[in-house]
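A.B. asks: If you scroll down you'll find the structure; I have some questions about it.
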Amino acid sequence: FGIIFLIFFFFGIFVSGGSRFIMAFVSCGVGRRFLGEDVMDGRCCSRRVGDSRGVVMMVKPHAKARAEKQATVERVRELLGKSSLVANVDLAGLKVSQVEKLKKSVPEDTTIMCVKNTLIRRAVDGDENWESMSKLATYSNLWFFMGEDVKGTVESFNAFLKEIKREATFKGGVMDGQTYDEAGVIAVSQLPTKQELYQKIAIAIKAVPAKVGVSIKAVPTKVARAISLATKNDEQTPEES
């Protein structure tokens, strides 16, 4: 049986050009027993799965990879819609445990992700607000999708660097279609948040009535002084005038 099998195998390769025969071979029961179950798990060229009708279909392993990449692109686009600033840092030298710790230390409205540069470019393609991120997509990156609390995110990152005793900086960032370098990202982080602006506006509005009240209260005093002065002038005699 073994000799007949080998003759059939090599004859099939010769006739079919090799690749088609091998795919058919690993898909059949004989190939399954001969090569092992792991071939059927997608480690060679394909995997057999049965649908609800009992029909055997061939599913290529890279189909799952394409779906995962598209899911990542959609996730990046979703985060961009919630971000006020996106910045990146060099991922080289950071351990997985350190990255996970950093993710937990930033504000709730900030998401940190490691995304392939090709997927970043695909996600921002055609988006005028974020398309310039493609210029920052070089080498390995850790991306910070920051919400409103940009200042808190930068402070958390600096505290993290101090804890692990490492010097690192933001490679750059993008906000409202504008690309910033490290200094620009730091400058943006110093701007007041919406909440801080609301508080300042509320304080200013609250102070206005008090100032108006003081001004109004001062008016009668000035009027009274003017009337008093006019009365004194009227009471003066012609000789005194």
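How things are named: the first chain in the structure tokens is A, the next is B, and so on; residues count from 1 in each chain; ligands count from 1 in the order shown.
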Please list as a VMD selection string every residue within 9 Å of stretch 146-162 of chain A, counting only C-alpha atoms and excluding residues in the same chain fewer than 5 positions away.

C.D. replies: chain A and resid 79 to 80 82 to 87 98 101 to 102 105 to 112 167 to 169 185 to 186 188 to 195

A.B. asks: Go ahead and save the residues from that selection, with N, CA, C and O atoms, as a compact mmCIF listing (two decimals), in the first residue's frame.

C.D. replies:
```
# COMPACT_ATOMS: atom_id res chain seq x y z
N LEU A 79 -12.33 55.35 17.80
CA LEU A 79 -11.58 56.12 18.79
C LEU A 79 -11.27 57.53 18.29
O LEU A 79 -11.29 58.48 19.07
N LEU A 80 -10.99 57.65 17.01
CA LEU A 80 -10.71 58.97 16.44
C LEU A 80 -11.92 59.90 16.59
O LEU A 80 -11.77 61.10 16.82
N LYS A 82 -13.84 60.06 18.99
CA LYS A 82 -13.97 60.49 20.38
C LYS A 82 -12.75 61.27 20.88
O LYS A 82 -12.75 61.73 22.02
N SER A 83 -11.73 61.39 20.03
CA SER A 83 -10.45 61.95 20.48
C SER A 83 -10.35 63.43 20.15
O SER A 83 -10.82 63.89 19.12
N SER A 84 -9.70 64.16 21.05
CA SER A 84 -9.36 65.56 20.79
C SER A 84 -7.91 65.68 20.33
O SER A 84 -7.56 66.59 19.59
N LEU A 85 -7.08 64.73 20.76
CA LEU A 85 -5.66 64.71 20.37
C LEU A 85 -5.20 63.25 20.30
O LEU A 85 -5.54 62.45 21.16
N VAL A 86 -4.44 62.93 19.27
CA VAL A 86 -3.83 61.61 19.14
C VAL A 86 -2.33 61.79 19.05
O VAL A 86 -1.84 62.57 18.22
N ALA A 87 -1.59 61.09 19.89
CA ALA A 87 -0.13 61.19 19.89
C ALA A 87 0.45 59.78 19.96
O ALA A 87 -0.24 58.83 20.32
N GLN A 98 4.60 46.51 31.29
CA GLN A 98 4.68 47.96 31.47
C GLN A 98 3.60 48.68 30.67
O GLN A 98 3.00 49.64 31.16
N LYS A 101 0.31 48.34 32.41
CA LYS A 101 0.26 49.22 33.58
C LYS A 101 0.00 50.66 33.16
O LYS A 101 -0.76 51.39 33.81
N LEU A 102 0.62 51.08 32.07
CA LEU A 102 0.42 52.44 31.55
C LEU A 102 -1.04 52.64 31.13
O LEU A 102 -1.63 53.69 31.37
N SER A 105 -3.19 53.52 33.98
CA SER A 105 -2.87 54.74 34.73
C SER A 105 -3.43 56.01 34.09
O SER A 105 -3.54 57.04 34.76
N VAL A 106 -3.78 55.96 32.81
CA VAL A 106 -4.26 57.17 32.12
C VAL A 106 -5.73 57.41 32.42
O VAL A 106 -6.44 56.51 32.89
N PRO A 107 -6.23 58.62 32.18
CA PRO A 107 -7.66 58.91 32.41
C PRO A 107 -8.57 57.98 31.61
O PRO A 107 -8.16 57.39 30.62
N GLU A 108 -9.83 57.89 32.06
CA GLU A 108 -10.77 56.96 31.46
C GLU A 108 -11.07 57.28 30.00
O GLU A 108 -11.38 56.37 29.22
N ASP A 109 -10.99 58.55 29.62
CA ASP A 109 -11.32 58.90 28.24
C ASP A 109 -10.12 58.80 27.30
O ASP A 109 -10.18 59.29 26.16
N THR A 110 -9.05 58.18 27.76
CA THR A 110 -7.86 57.94 26.92
C THR A 110 -7.68 56.45 26.69
O THR A 110 -7.77 55.66 27.63
N THR A 111 -7.45 56.08 25.44
CA THR A 111 -7.20 54.68 25.09
C THR A 111 -5.82 54.55 24.46
O THR A 111 -5.46 55.34 23.58
N ILE A 112 -5.06 53.57 24.91
CA ILE A 112 -3.72 53.32 24.38
C ILE A 112 -3.74 52.02 23.61
O ILE A 112 -4.20 50.99 24.11
N GLU A 167 13.80 57.55 29.90
CA GLU A 167 13.57 58.81 29.22
C GLU A 167 12.93 58.53 27.86
O GLU A 167 13.46 57.78 27.05
N ALA A 168 11.78 59.12 27.64
CA ALA A 168 11.06 58.96 26.37
C ALA A 168 10.19 60.18 26.16
O ALA A 168 9.86 60.90 27.10
N THR A 169 9.86 60.42 24.93
CA THR A 169 9.04 61.58 24.61
C THR A 169 8.00 61.19 23.56
O THR A 169 8.09 60.14 22.92
N VAL A 185 2.80 68.97 21.48
CA VAL A 185 1.93 68.10 22.27
C VAL A 185 1.92 68.57 23.73
O VAL A 185 0.85 68.64 24.37
N ILE A 186 3.08 68.91 24.26
CA ILE A 186 3.18 69.40 25.64
C ILE A 186 2.41 70.71 25.78
O ILE A 186 1.70 70.94 26.77
N VAL A 188 -0.13 71.78 23.98
CA VAL A 188 -1.57 71.51 23.91
C VAL A 188 -2.06 70.97 25.25
O VAL A 188 -3.18 71.29 25.70
N SER A 189 -1.25 70.16 25.91
CA SER A 189 -1.66 69.57 27.19
C SER A 189 -1.81 70.62 28.28
O SER A 189 -2.48 70.38 29.28
N GLN A 190 -1.20 71.79 28.09
CA GLN A 190 -1.30 72.86 29.08
C GLN A 190 -2.56 73.71 28.90
O GLN A 190 -2.87 74.54 29.76
N LEU A 191 -3.25 73.54 27.80
CA LEU A 191 -4.48 74.29 27.57
C LEU A 191 -5.56 73.83 28.54
O LEU A 191 -5.62 72.65 28.90
N PRO A 192 -6.44 74.74 28.96
CA PRO A 192 -7.51 74.33 29.88
C PRO A 192 -8.50 73.39 29.21
O PRO A 192 -8.78 73.52 28.01
N THR A 193 -9.02 72.45 29.96
CA THR A 193 -10.02 71.54 29.44
C THR A 193 -11.37 72.26 29.37
O THR A 193 -11.53 73.37 29.88
N LYS A 194 -12.34 71.63 28.73
CA LYS A 194 -13.68 72.21 28.65
C LYS A 194 -14.26 72.43 30.05
O LYS A 194 -14.90 73.46 30.32
N GLN A 195 -14.02 71.46 30.94
CA GLN A 195 -14.54 71.59 32.29
C GLN A 195 -13.93 72.78 33.00
O GLN A 195 -14.63 73.54 33.70
```

A.B. asks: Enumerate the residues of stretch 49-146 of chain A with a DSSP assignment of helix (DSSP H, G or I), computed from the backbone, and present them as a ChimeraX atom specification.

C.D. replies: /A:61-82,96-105,117-124,131-135

A.B. asks: How many Å separate atom CA of A:Ala123 from atom CA of A:Lys135?

C.D. replies: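 A separation of 13.2 Å between them.
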
A.B. asks: Pick from A:Gly81, A:Val115, A:Glu128, A:Phe145: nearest to A:Lys103, with only C-alpha atoms counted?

C.D. replies: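 Using only C-alpha atoms, A:Lys103 sits closest to A:Phe145.
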
A.B. asks: Please indicate the distance in Å from atom CA of A:Val89 to atom CA of A:Ala71, rounded to one decimal place.

C.D. replies: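 Separation between atom CA of A:Val89 and atom CA of A:Ala71: 22.9 Å.
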
A.B. asks: Interatomic distance between atom CA of A:Thr138 and atom CA of A:Lys69?

C.D. replies: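 Computing it gives 18.1 Å between the two atoms.
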
A.B. asks: Within 12 Å of A:Arg121, counting only C-alpha atoms, which residues qualify if same-chain residues fewer than 6 places away don't, as a PyMOL selection string?

C.D. replies: chain A and resi 72-73+76-77+115+127+130-138

A.B. asks: Using C-alpha atoms, can you export the residues from the last selection as a PDB file, in the first residue's frame?

C.D. replies:
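The result, stored in selection_37.pdb:
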```
ATOM      1  CA  THR A  72      -8.857  47.009  14.104  1.00  0.00           C
ATOM      2  CA  VAL A  73      -9.345  49.701  11.445  1.00  0.00           C
ATOM      3  CA  VAL A  76      -9.288  53.071  15.357  1.00  0.00           C
ATOM      4  CA  ARG A  77     -11.900  55.094  13.467  1.00  0.00           C
ATOM      5  CA  VAL A 115      -1.531  49.379  15.957  1.00  0.00           C
ATOM      6  CA  ASP A 127     -10.120  61.954   6.874  1.00  0.00           C
ATOM      7  CA  TRP A 130      -6.547  62.811  11.058  1.00  0.00           C
ATOM      8  CA  GLU A 131      -4.910  62.030   7.714  1.00  0.00           C
ATOM      9  CA  SER A 132      -1.644  63.658   8.796  1.00  0.00           C
ATOM     10  CA  MET A 133      -1.237  60.828  11.344  1.00  0.00           C
ATOM     11  CA  SER A 134       0.181  58.780   8.471  1.00  0.00           C
ATOM     12  CA  LYS A 135       3.323  60.932   8.699  1.00  0.00           C
ATOM     13  CA  LEU A 136       3.845  59.733  12.266  1.00  0.00           C
ATOM     14  CA  ALA A 137       3.224  56.072  11.395  1.00  0.00           C
ATOM     15  CA  THR A 138       6.847  54.949  11.173  1.00  0.00           C
TER      16      THR A 138
END
```

A.B. asks: Counting only C-alpha atoms, figure out which residue out of A:Asn129, A:Asn88, A:Gln178, A:Gly93 gets nearest to A:Asn117.

C.D. replies: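 Closest candidate: A:Asn88.
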